[in-house]
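This report refers to the structure that appears directly beneath it.
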Amino acid sequence: MPIPNLEKPIIKGLIQKDKVIVDGVELDGTWNAFMIERTQTGYDQSVWDEIANTIEGATISLCWQCGTCTSGCTMREYDPNYSPRRFIDLARKGDKQALIELQDSLWRCVSCQKCTHRCPKGVLVEEVVHSIHNYLLKHGLVKRDPGTIFDELFLETVMKNGGRISELLLGGASAKAGFVTMSLRDLITMMGPLMKSGLIKDLMKPNRVKNWDRIKPVLEEAMKEEVVPE
Amino acid sequence: MAGEKVLVIGSGPAGLSATKELRNMGVDVVLVERESYLGGTPKKLKYSLLFPELRPASEVLDPLIKGVENSGVKTYMESIVEGIKEEDKGFTVSIKDKSGKIVNEKVNAVIAASGFEHFDSRRKYEYGYGIIPNIYQISDIERMLSENKLVTTKGTPPKRVAILLCVGSRDATVGNTYCSRVCCAVSTKQAMEIKERVPDAVVHIYYMDIRTYGLMEDKLYWKSQLEYRVGYIRGRISEFMRGPNDTVIIKGEDTMNLNRALVVPYDMVILANGMELGLGSKQVAKTLGLELEEHGFVKPLDPDRLPVQSTRKGIFLAGAITGPKTISDSITEGYAAAMKAYEYVTRGIWDESDFAKKRIEVTHH
């Protein structure tokens, strides 16, 4: 008997054989389908409480699970696992394990605010989703997401290069973080035109922003004051 | 008792039943109606069958209309109440007709039964009503059904129909946080009527909760599934797009089936638009000096004990002016208001309650 589609994600160690003879009896079908345990024991009520007590997540309790947010979501078309409604549901139930499994989706919000604008209950969906992600980050349940890592790299190169991004440094750092892969051949094909046009000079020694020495301390001071999400 | 007179504003189910009862008890009635015919919104929008008994609306309304027409009631058609002045024994009301002519009438009591208006779905721009072809409201579909002209823009009966509930109700983005009470039942009824006409049609109802309350549970909700195979999908549609060949593509989520995105084409989409007080009733409330409650409907003196008395002495309420109501509820309230008004004009009985004066903190959610 074929495995129903719904069951497939919870089955591991699948062996499929058309025909098997056991003790002289002919059998067919799917074998050795060990199912992952489905019992949910990890509901943690404190997740809801903690998120609802943050400024961003205060409106989480209003949600009535209608799905308006997800069905209009921009990100949904690129990532079928991206569902604000589901994130809210799981957070309210306190199903941390399911949220951890969704960590590659959770950070992808592009803040288009369609969900917040359309929500019939006035849930600030975009903020709530961020607060759920922040909760997981704060408790060290998920790895840092590529979005945040890239933001930090970007800022770092801007500060290092006098208020200007260095494509070379940023590219190198991104490659190191595993966002981009570049082969030797790519480098060689890029180098030719760069040398020819003289752009290589700009890349190696980028121009600084005017009065950078005065701007830098201001930025540094501002960054110190930046509110770190709880 | 001689020459007692009551003004009834509105000739919908509530106004008609109140008028009829007052006439039966020997009270003179002045009836003011904005439109050129009696019957109110059910007549205006040409309602088809009524839930839950699935009988033609005319079967219920026509006897009421005939009864009022034959009872010798003084009727002002295409007129509104423009002003009211309190006098020692009742009110003097000025009634303005279409041409602007004003007539004064002396009455002892007033019954405000000016009813509701359907929510205009254009206010939910993402649903594309009025922009995308083949998107209708339940109030449009009633007329199409009663005139037997249920067709898409192609001129053929629809083969795939989606009905979206709670349009303009339970929606903070348009300021209506209440449930309109009848749309679930009306939509279910319309789904069955569509299946009756087009047996091979696919009809899906997109809902958040189905509120076919009370006796309608099996008369509508289960009947639609057991006998007509109407599909219920939990999830609120977020937007509609114009598809090829004049189809409408919905974007939704099946929230019962975790993580199922829905992008589905339909021939026809019906928006179950809810009920609002409407400009007519707002004008009536303002003229009569009635208080509104937190959802924008007219506040009764005591919603439990004295539901048909207003906060102003001598003015009674009936029907959907105090909140979303079914036709049978409105008729009942018309009778109740007539009885209370009769007591008031003949014996001066006016029950008091301080409930409306109490400030009640309402959490909007």
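For the structure tokens, the naming scheme is as follows: chains receive sequential letters (A, B, ...) according to their order of presentation, residues are indexed from 1 within each chain, and ligands are indexed from 1 in presentation order.
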
- chain A contacts to chain B at 10 Å (only C-alpha atoms) as a PyMOL selection string: chain A and resi 61-73+76-77+80-83+85-86+114-123

Write the residues you've just listed into a file as a CSV table (one decimal), in the first residue's frame, and include N, CA, C and O atoms for each of them.
```
chain,number,residue,atom,x,y,z
A,61,SER,N,-2.2,38.0,21.5
A,61,SER,CA,-3.4,37.3,22.1
A,61,SER,C,-4.6,37.6,21.4
A,61,SER,O,-5.6,37.0,21.6
A,62,LEU,N,-4.6,38.6,20.5
A,62,LEU,CA,-5.8,39.0,19.7
A,62,LEU,C,-6.1,38.0,18.6
A,62,LEU,O,-7.2,37.9,18.1
A,63,CYS,N,-5.1,37.3,18.1
A,63,CYS,CA,-5.3,36.5,16.9
A,63,CYS,C,-6.3,35.4,17.0
A,63,CYS,O,-6.5,34.8,18.0
A,64,TRP,N,-7.2,35.3,16.0
A,64,TRP,CA,-8.2,34.3,16.0
A,64,TRP,C,-7.9,33.3,14.8
A,64,TRP,O,-8.8,32.6,14.4
A,65,GLN,N,-6.7,33.2,14.3
A,65,GLN,CA,-6.3,32.2,13.4
A,65,GLN,C,-7.2,32.1,12.1
A,65,GLN,O,-7.7,31.0,11.7
A,66,CYS,N,-7.4,33.2,11.5
A,66,CYS,CA,-8.3,33.2,10.3
A,66,CYS,C,-7.4,33.0,9.0
A,66,CYS,O,-7.9,32.5,8.0
A,67,GLY,N,-6.1,33.3,9.1
A,67,GLY,CA,-5.3,33.1,7.9
A,67,GLY,C,-5.2,34.2,7.0
A,67,GLY,O,-4.6,34.0,5.9
A,68,THR,N,-5.8,35.4,7.3
A,68,THR,CA,-5.7,36.5,6.3
A,68,THR,C,-4.2,36.9,6.1
A,68,THR,O,-3.8,37.2,5.0
A,69,CYS,N,-3.4,36.8,7.2
A,69,CYS,CA,-2.0,37.2,7.1
A,69,CYS,C,-1.3,36.3,6.1
A,69,CYS,O,-0.6,36.8,5.2
A,70,THR,N,-1.4,35.0,6.3
A,70,THR,CA,-0.6,34.1,5.5
A,70,THR,C,-1.1,34.1,4.0
A,70,THR,O,-0.3,34.1,3.1
A,71,SER,N,-2.4,34.2,3.8
A,71,SER,CA,-2.9,34.1,2.5
A,71,SER,C,-2.5,35.3,1.6
A,71,SER,O,-2.4,35.2,0.4
A,72,GLY,N,-2.2,36.5,2.2
A,72,GLY,CA,-1.8,37.6,1.4
A,72,GLY,C,-0.3,37.8,1.5
A,72,GLY,O,0.2,38.8,0.9
A,73,CYS,N,0.4,36.9,2.2
A,73,CYS,CA,1.8,37.2,2.5
A,73,CYS,C,2.7,37.2,1.3
A,73,CYS,O,2.6,36.3,0.4
A,76,ARG,N,5.3,34.2,1.4
A,76,ARG,CA,4.7,32.9,1.2
A,76,ARG,C,5.0,32.2,-0.1
A,76,ARG,O,5.1,31.0,-0.3
A,77,GLU,N,5.0,33.1,-1.2
A,77,GLU,CA,5.2,32.6,-2.5
A,77,GLU,C,6.6,32.0,-2.7
A,77,GLU,O,6.8,31.2,-3.6
A,80,PRO,N,7.2,28.2,1.1
A,80,PRO,CA,5.9,27.7,1.4
A,80,PRO,C,5.7,27.4,2.9
A,80,PRO,O,4.6,27.2,3.4
A,81,ASN,N,6.8,27.4,3.7
A,81,ASN,CA,6.7,27.2,5.1
A,81,ASN,C,6.5,28.5,5.9
A,81,ASN,O,6.3,28.4,7.1
A,82,TYR,N,6.5,29.6,5.1
A,82,TYR,CA,6.4,30.9,5.8
A,82,TYR,C,4.9,31.1,6.1
A,82,TYR,O,4.1,31.4,5.2
A,83,SER,N,4.5,31.1,7.3
A,83,SER,CA,3.1,31.3,7.7
A,83,SER,C,2.9,32.0,9.0
A,83,SER,O,3.0,31.4,10.0
A,85,ARG,N,0.4,33.1,10.5
A,85,ARG,CA,-0.6,32.5,11.4
A,85,ARG,C,-0.1,31.3,12.2
A,85,ARG,O,-0.4,31.1,13.3
A,86,ARG,N,0.7,30.5,11.5
A,86,ARG,CA,1.2,29.3,12.1
A,86,ARG,C,2.2,29.6,13.2
A,86,ARG,O,2.2,29.0,14.3
A,114,LYS,N,1.5,44.0,4.7
A,114,LYS,CA,0.2,43.7,4.2
A,114,LYS,C,-0.6,43.0,5.3
A,114,LYS,O,-1.8,43.3,5.5
A,115,CYS,N,0.0,42.1,6.0
A,115,CYS,CA,-0.7,41.3,7.1
A,115,CYS,C,-1.2,42.3,8.2
A,115,CYS,O,-2.3,42.2,8.6
A,116,THR,N,-0.3,43.2,8.6
A,116,THR,CA,-0.7,44.1,9.7
A,116,THR,C,-1.9,45.0,9.2
A,116,THR,O,-2.8,45.2,10.0
A,117,HIS,N,-1.8,45.4,8.0
A,117,HIS,CA,-2.8,46.3,7.5
A,117,HIS,C,-4.2,45.6,7.3
A,117,HIS,O,-5.2,46.2,7.5
A,118,ARG,N,-4.1,44.3,7.0
A,118,ARG,CA,-5.4,43.6,6.7
A,118,ARG,C,-6.0,42.9,7.9
A,118,ARG,O,-7.1,42.4,7.8
A,119,CYS,N,-5.2,42.6,8.9
A,119,CYS,CA,-5.7,41.8,10.0
A,119,CYS,C,-7.0,42.3,10.6
A,119,CYS,O,-7.1,43.5,11.0
A,120,PRO,N,-8.0,41.5,10.6
A,120,PRO,CA,-9.3,41.9,11.0
A,120,PRO,C,-9.4,42.1,12.5
A,120,PRO,O,-10.4,42.7,13.0
A,121,LYS,N,-8.4,41.7,13.3
A,121,LYS,CA,-8.4,41.9,14.7
A,121,LYS,C,-7.4,42.9,15.2
A,121,LYS,O,-7.3,43.1,16.4
A,122,GLY,N,-6.7,43.5,14.3
A,122,GLY,CA,-5.7,44.5,14.8
A,122,GLY,C,-4.4,43.9,15.4
A,122,GLY,O,-3.8,44.6,16.2
A,123,VAL,N,-4.1,42.7,15.0
A,123,VAL,CA,-2.8,42.1,15.5
A,123,VAL,C,-1.7,42.8,14.6
A,123,VAL,O,-1.8,42.9,13.4
```

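Near Gln45 in chain A, within 12 Å and counting only C-alpha atoms, sit Thr41, Gly42, Trp48, Asp49, Glu50, Ile51, Ala52, Leu90, Ala91, Arg92, Lys93, Gly94, Asp95 and Lys96 of chain A; same-chain residues fewer than 3 positions away were not included.
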
Selection file, C-alpha atoms, as a compact mmCIF listing (two decimals), in the first residue's frame:
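Saved the output as result.txt:
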```txt
# COMPACT_ATOMS: atom_id res chain seq x y z
CA THR A 41 5.05 16.73 25.21
CA GLY A 42 6.87 20.02 24.85
CA TRP A 48 2.97 32.96 25.07
CA ASP A 49 3.27 34.89 28.35
CA GLU A 50 6.76 36.09 27.61
CA ILE A 51 5.99 37.21 24.04
CA ALA A 52 2.74 38.90 25.07
CA LEU A 90 2.77 27.58 17.68
CA ALA A 91 4.02 30.39 19.90
CA ARG A 92 0.71 30.55 21.73
CA LYS A 93 0.65 26.81 22.21
CA GLY A 94 4.27 26.96 23.28
CA ASP A 95 5.37 24.38 20.71
CA LYS A 96 9.02 25.34 20.77
```

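In this structure, CA of Met339 in chain B sits 18.2 Å away from CA of Ser353 in chain B.
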
- Non-local contacts of range 311-319 of chain B (9 Å; only C-alpha atoms; under 4 positions in same chain excluded) as JSON, numbers by chain: {"B": [12, 13, 14, 15, 18, 90, 91, 108, 109, 110, 111, 112, 113, 114, 115, 116, 288, 289, 290, 291, 298, 299, 300, 301, 302, 307, 323, 324, 325, 326, 327, 329, 330, 331, 332, 333, 334, 335, 336, 337, 338, 340, 341, 344, 345, 350, 356, 357]}

Writing out the chosen residues with N, CA and C atoms as a compact mmCIF listing (two decimals), in the first residue's frame:
```txt
# COMPACT_ATOMS: atom_id res chain seq x y z
N GLY B 12 -40.22 48.45 7.12
CA GLY B 12 -39.67 47.10 6.95
C GLY B 12 -40.47 46.12 7.79
N PRO B 13 -39.99 44.90 7.97
CA PRO B 13 -40.71 43.92 8.78
C PRO B 13 -41.12 44.45 10.15
N ALA B 14 -40.20 45.17 10.83
CA ALA B 14 -40.50 45.67 12.18
C ALA B 14 -41.55 46.76 12.14
N GLY B 15 -41.39 47.72 11.24
CA GLY B 15 -42.32 48.84 11.14
C GLY B 15 -43.70 48.37 10.74
N ALA B 18 -45.39 46.49 13.66
CA ALA B 18 -45.80 47.43 14.71
C ALA B 18 -47.05 48.19 14.28
N GLY B 90 -46.80 64.53 24.24
CA GLY B 90 -46.28 63.88 23.04
C GLY B 90 -45.33 64.77 22.26
N PHE B 91 -45.32 64.57 20.94
CA PHE B 91 -44.35 65.26 20.10
C PHE B 91 -45.05 65.89 18.89
N ASN B 108 -48.38 60.97 19.87
CA ASN B 108 -48.17 60.74 21.30
C ASN B 108 -46.91 59.92 21.57
N ALA B 109 -46.51 59.12 20.58
CA ALA B 109 -45.29 58.31 20.75
C ALA B 109 -44.69 58.05 19.38
N VAL B 110 -43.45 57.60 19.39
CA VAL B 110 -42.74 57.32 18.14
C VAL B 110 -42.15 55.92 18.21
N ILE B 111 -42.27 55.15 17.13
CA ILE B 111 -41.54 53.88 17.03
C ILE B 111 -40.53 54.03 15.89
N ALA B 112 -39.25 53.97 16.24
CA ALA B 112 -38.21 54.06 15.22
C ALA B 112 -37.87 52.66 14.76
N ALA B 113 -38.18 52.37 13.49
CA ALA B 113 -37.90 51.04 12.94
C ALA B 113 -37.26 51.21 11.57
N SER B 114 -36.23 52.05 11.54
CA SER B 114 -35.66 52.40 10.23
C SER B 114 -34.57 51.44 9.78
N GLY B 115 -34.25 50.43 10.59
CA GLY B 115 -33.46 49.31 10.11
C GLY B 115 -31.99 49.57 9.81
N PHE B 116 -31.46 48.71 8.98
CA PHE B 116 -30.01 48.64 8.72
C PHE B 116 -29.73 48.90 7.25
N LEU B 288 -34.06 62.26 16.32
CA LEU B 288 -34.84 61.93 17.52
C LEU B 288 -34.03 62.10 18.79
N GLY B 289 -32.74 62.36 18.65
CA GLY B 289 -31.89 62.53 19.83
C GLY B 289 -31.67 61.24 20.58
N LEU B 290 -31.42 60.14 19.85
CA LEU B 290 -31.20 58.84 20.50
C LEU B 290 -29.72 58.60 20.67
N GLU B 291 -29.39 57.88 21.73
CA GLU B 291 -27.98 57.55 21.98
C GLU B 291 -27.57 56.33 21.16
N VAL B 298 -28.30 51.86 17.68
CA VAL B 298 -29.04 52.68 18.66
C VAL B 298 -29.16 51.91 19.97
N LYS B 299 -28.95 52.63 21.05
CA LYS B 299 -28.89 51.99 22.37
C LYS B 299 -30.28 51.84 22.96
N PRO B 300 -30.69 50.64 23.31
CA PRO B 300 -31.97 50.50 24.02
C PRO B 300 -31.81 50.87 25.49
N LEU B 301 -32.94 51.16 26.13
CA LEU B 301 -32.89 51.60 27.53
C LEU B 301 -32.29 50.51 28.41
N ASP B 302 -32.66 49.27 28.13
CA ASP B 302 -32.13 48.13 28.86
C ASP B 302 -32.14 46.95 27.90
N PRO B 307 -35.94 45.95 25.84
CA PRO B 307 -35.18 46.08 24.58
C PRO B 307 -35.82 46.99 23.54
N GLY B 323 -29.38 46.64 16.33
CA GLY B 323 -28.35 45.63 16.13
C GLY B 323 -28.79 44.67 15.05
N PRO B 324 -27.85 43.86 14.51
CA PRO B 324 -28.21 42.93 13.44
C PRO B 324 -29.32 41.97 13.89
N LYS B 325 -30.32 41.78 13.05
CA LYS B 325 -31.44 40.91 13.40
C LYS B 325 -31.98 40.18 12.20
N THR B 326 -32.61 39.03 12.47
CA THR B 326 -33.29 38.31 11.40
C THR B 326 -34.66 38.95 11.18
N ILE B 327 -35.32 38.55 10.08
CA ILE B 327 -36.63 39.12 9.78
C ILE B 327 -37.64 38.72 10.85
N ASP B 329 -37.09 37.99 14.00
CA ASP B 329 -36.81 38.75 15.22
C ASP B 329 -37.37 40.17 15.10
N SER B 330 -37.20 40.75 13.90
CA SER B 330 -37.67 42.12 13.70
C SER B 330 -39.18 42.19 13.82
N ILE B 331 -39.86 41.20 13.25
CA ILE B 331 -41.32 41.19 13.34
C ILE B 331 -41.76 41.07 14.80
N THR B 332 -41.10 40.18 15.53
CA THR B 332 -41.41 40.03 16.96
C THR B 332 -41.23 41.35 17.69
N GLU B 333 -40.13 42.03 17.41
CA GLU B 333 -39.86 43.31 18.09
C GLU B 333 -40.88 44.36 17.70
N GLY B 334 -41.35 44.29 16.45
CA GLY B 334 -42.40 45.22 16.02
C GLY B 334 -43.64 45.05 16.88
N TYR B 335 -44.03 43.79 17.11
CA TYR B 335 -45.18 43.51 17.96
C TYR B 335 -44.93 44.03 19.38
N ALA B 336 -43.72 43.76 19.89
CA ALA B 336 -43.40 44.18 21.26
C ALA B 336 -43.45 45.70 21.40
N ALA B 337 -42.87 46.38 20.39
CA ALA B 337 -42.84 47.84 20.45
C ALA B 337 -44.26 48.39 20.38
N ALA B 338 -45.11 47.75 19.56
CA ALA B 338 -46.49 48.21 19.45
C ALA B 338 -47.20 48.10 20.80
N LYS B 340 -45.83 48.07 23.82
CA LYS B 340 -45.27 49.04 24.76
C LYS B 340 -45.78 50.44 24.43
N ALA B 341 -45.85 50.75 23.14
CA ALA B 341 -46.32 52.08 22.73
C ALA B 341 -47.79 52.25 23.10
N TYR B 344 -48.10 52.99 26.65
CA TYR B 344 -47.61 54.34 26.92
C TYR B 344 -48.66 55.39 26.53
N VAL B 345 -49.25 55.26 25.32
CA VAL B 345 -50.17 56.32 24.89
C VAL B 345 -51.51 56.23 25.59
N TRP B 350 -44.36 53.95 31.41
CA TRP B 350 -42.99 53.98 30.86
C TRP B 350 -42.06 53.37 31.89
N ALA B 356 -28.77 52.01 30.92
CA ALA B 356 -28.12 52.75 29.82
C ALA B 356 -27.22 53.86 30.35
N LYS B 357 -27.52 54.34 31.55
CA LYS B 357 -26.71 55.44 32.08
C LYS B 357 -25.40 54.94 32.68
```

Which polymer residues have any atom within 10 Å of an atom of Tyr221 in chain B, counting only C-alpha atoms, with same-chain residues fewer than 2 positions away left out, as a compact mmCIF listing (two decimals) with all heavy atoms, in the first residue's frame?
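The new file selection_4.txt reads:
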```
# COMPACT_ATOMS: atom_id res chain seq x y z
N CYS B 184 -24.03 34.06 7.93
CA CYS B 184 -23.72 32.63 7.83
C CYS B 184 -24.93 31.88 7.29
O CYS B 184 -24.82 31.09 6.36
CB CYS B 184 -23.36 32.07 9.20
SG CYS B 184 -21.71 32.50 9.73
N ALA B 185 -26.10 32.17 7.88
CA ALA B 185 -27.31 31.46 7.48
C ALA B 185 -27.70 31.83 6.05
O ALA B 185 -28.04 30.96 5.26
CB ALA B 185 -28.45 31.81 8.45
N THR B 188 -25.27 30.11 3.62
CA THR B 188 -25.54 28.68 3.54
C THR B 188 -26.79 28.44 2.69
O THR B 188 -26.83 27.55 1.83
CB THR B 188 -25.75 28.10 4.95
OG1 THR B 188 -24.65 28.50 5.75
CG2 THR B 188 -25.83 26.60 4.92
N LYS B 189 -27.80 29.28 2.93
CA LYS B 189 -29.04 29.18 2.17
C LYS B 189 -28.77 29.45 0.68
O LYS B 189 -29.25 28.74 -0.20
CB LYS B 189 -30.04 30.21 2.72
CG LYS B 189 -31.37 30.20 2.06
CD LYS B 189 -31.91 31.61 1.92
CE LYS B 189 -31.17 32.40 0.89
NZ LYS B 189 -31.83 33.58 0.40
N ILE B 210 -18.75 29.09 11.81
CA ILE B 210 -20.07 29.04 11.20
C ILE B 210 -21.09 29.27 12.31
O ILE B 210 -21.14 28.53 13.28
CB ILE B 210 -20.31 27.68 10.52
CG1 ILE B 210 -19.42 27.54 9.29
CG2 ILE B 210 -21.78 27.53 10.11
CD1 ILE B 210 -19.82 28.37 8.11
N ARG B 211 -21.88 30.33 12.16
CA ARG B 211 -22.84 30.67 13.21
C ARG B 211 -24.27 30.51 12.72
O ARG B 211 -25.04 31.45 12.68
CB ARG B 211 -22.58 32.10 13.69
CG ARG B 211 -21.20 32.18 14.32
CD ARG B 211 -20.90 33.52 14.90
NE ARG B 211 -19.63 33.42 15.65
CZ ARG B 211 -19.03 34.42 16.21
NH1 ARG B 211 -19.54 35.62 16.14
NH2 ARG B 211 -17.90 34.25 16.85
N THR B 212 -24.60 29.28 12.31
CA THR B 212 -25.99 28.96 12.02
C THR B 212 -26.57 28.45 13.33
O THR B 212 -26.75 27.26 13.53
CB THR B 212 -26.09 27.88 10.93
OG1 THR B 212 -25.16 26.84 11.24
CG2 THR B 212 -25.76 28.44 9.58
N TYR B 213 -26.87 29.41 14.20
CA TYR B 213 -27.17 29.09 15.59
C TYR B 213 -28.56 28.48 15.76
O TYR B 213 -29.40 28.54 14.86
CB TYR B 213 -27.03 30.35 16.45
CG TYR B 213 -27.83 31.52 15.92
CD1 TYR B 213 -29.12 31.75 16.33
CD2 TYR B 213 -27.27 32.37 14.98
CE1 TYR B 213 -29.85 32.81 15.82
CE2 TYR B 213 -28.00 33.44 14.47
CZ TYR B 213 -29.27 33.65 14.89
OH TYR B 213 -29.99 34.69 14.39
N LEU B 215 -31.84 26.47 15.96
CA LEU B 215 -32.48 25.42 15.18
C LEU B 215 -31.93 25.33 13.76
O LEU B 215 -32.30 24.44 13.00
CB LEU B 215 -34.00 25.66 15.13
CG LEU B 215 -34.69 25.85 16.48
CD1 LEU B 215 -36.18 25.99 16.28
CD2 LEU B 215 -34.39 24.69 17.42
N MET B 216 -31.08 26.28 13.39
CA MET B 216 -30.56 26.27 12.03
C MET B 216 -29.41 25.28 11.85
O MET B 216 -29.00 25.01 10.73
CB MET B 216 -30.09 27.67 11.63
CG MET B 216 -31.22 28.67 11.57
SD MET B 216 -30.69 30.24 10.89
CE MET B 216 -29.93 31.00 12.29
N GLU B 217 -28.90 24.78 12.97
CA GLU B 217 -27.77 23.84 12.91
C GLU B 217 -28.03 22.71 11.91
O GLU B 217 -27.23 22.46 11.01
CB GLU B 217 -27.52 23.25 14.30
CG GLU B 217 -26.54 22.11 14.35
CD GLU B 217 -25.10 22.57 14.35
OE1 GLU B 217 -24.84 23.78 14.41
OE2 GLU B 217 -24.22 21.69 14.26
N ASP B 218 -29.18 22.03 12.06
CA ASP B 218 -29.44 20.95 11.10
C ASP B 218 -30.25 21.41 9.90
O ASP B 218 -30.10 20.90 8.82
CB ASP B 218 -30.13 19.75 11.79
CG ASP B 218 -31.32 20.19 12.62
OD1 ASP B 218 -31.56 21.40 12.71
OD2 ASP B 218 -32.02 19.31 13.16
N LYS B 219 -31.08 22.45 10.10
CA LYS B 219 -31.89 22.91 8.98
C LYS B 219 -31.05 23.52 7.86
O LYS B 219 -31.44 23.50 6.70
CB LYS B 219 -32.89 23.96 9.47
CG LYS B 219 -34.12 23.35 10.12
CD LYS B 219 -35.10 24.44 10.46
CE LYS B 219 -36.36 23.83 11.04
NZ LYS B 219 -37.27 24.86 11.51
N LYS B 223 -27.83 20.26 6.54
CA LYS B 223 -28.56 20.01 5.31
C LYS B 223 -27.70 20.37 4.09
O LYS B 223 -27.66 19.64 3.10
CB LYS B 223 -29.85 20.82 5.30
CG LYS B 223 -30.79 20.45 4.18
CD LYS B 223 -32.06 21.26 4.24
CE LYS B 223 -32.96 20.87 3.07
NZ LYS B 223 -34.08 21.76 2.91
N SER B 224 -26.99 21.50 4.21
CA SER B 224 -26.18 21.94 3.07
C SER B 224 -25.08 20.94 2.77
O SER B 224 -24.66 20.79 1.62
CB SER B 224 -25.59 23.31 3.35
OG SER B 224 -24.60 23.21 4.35
N GLN B 225 -24.62 20.23 3.80
CA GLN B 225 -23.53 19.28 3.57
C GLN B 225 -24.05 17.90 3.16
O GLN B 225 -23.50 17.25 2.28
CB GLN B 225 -22.66 19.17 4.82
CG GLN B 225 -21.97 20.46 5.15
CD GLN B 225 -21.09 20.35 6.36
OE1 GLN B 225 -20.06 19.69 6.34
NE2 GLN B 225 -21.51 20.99 7.43
N LEU B 226 -25.14 17.47 3.84
CA LEU B 226 -25.63 16.12 3.58
C LEU B 226 -26.38 16.04 2.26
O LEU B 226 -26.25 15.06 1.52
CB LEU B 226 -26.53 15.66 4.73
CG LEU B 226 -25.84 15.52 6.07
CD1 LEU B 226 -26.85 15.29 7.18
CD2 LEU B 226 -24.84 14.37 6.04
N VAL B 230 -22.15 21.05 -0.01
CA VAL B 230 -21.48 22.35 0.01
C VAL B 230 -20.21 22.19 0.84
O VAL B 230 -20.23 21.59 1.91
CB VAL B 230 -22.40 23.42 0.64
CG1 VAL B 230 -21.66 24.74 0.82
CG2 VAL B 230 -23.63 23.63 -0.22
N TYR B 232 -17.02 23.37 3.12
CA TYR B 232 -16.65 24.42 4.08
C TYR B 232 -15.14 24.41 4.25
O TYR B 232 -14.55 23.38 4.58
CB TYR B 232 -17.34 24.18 5.42
CG TYR B 232 -18.83 24.49 5.37
CD1 TYR B 232 -19.73 23.54 4.91
CD2 TYR B 232 -19.31 25.71 5.76
CE1 TYR B 232 -21.09 23.82 4.84
CE2 TYR B 232 -20.66 26.00 5.71
CZ TYR B 232 -21.54 25.06 5.26
OH TYR B 232 -22.87 25.34 5.18
```

- Task: Excluding Asn211 in chain A and residues on its chain fewer than 5 positions from it, collect all residues at most 12 Å away from it, counting only C-alpha atoms, and give them as JSON, numbers by chain.
- Result: {"A": [162, 163, 216, 217, 218]}

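Taking CA of Ile194 in chain B and CA of Lys46 in chain B as endpoints, the distance between them is 16.5 Å.
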
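In terms of minimum interatomic distance to Val110 in chain A, A:Thr74 ranks closest within A:Asn5, A:Thr189, A:Ser183, A:Thr74, counting only C-alpha atoms.
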
- Task: Output as a ChimeraX atom specification all residues of range 189-364 of chain B that backbone DSSP marks as alpha helix (DSSP H).
- Result: /B:189-197,216,223-226,278-288,327-347

- Selection: 12 Å around Met159 in chain A, only C-alpha atoms, excl. self and same-chain fewer than 5 positions, as a list in words: Glu152, Leu153, Phe154, Arg164, Ile165, Ser166, Leu169, Leu170, Arg208, Val209, Trp212, Asp213, Ile215, Lys216, Pro217, Val218, Leu219, Glu220 and Met223 of chain A

- Residue among B:Glu147, B:Glu142, B:Glu293, B:Glu86 lying closest to Tyr178 in chain B, counting only C-alpha atoms: B:Glu293
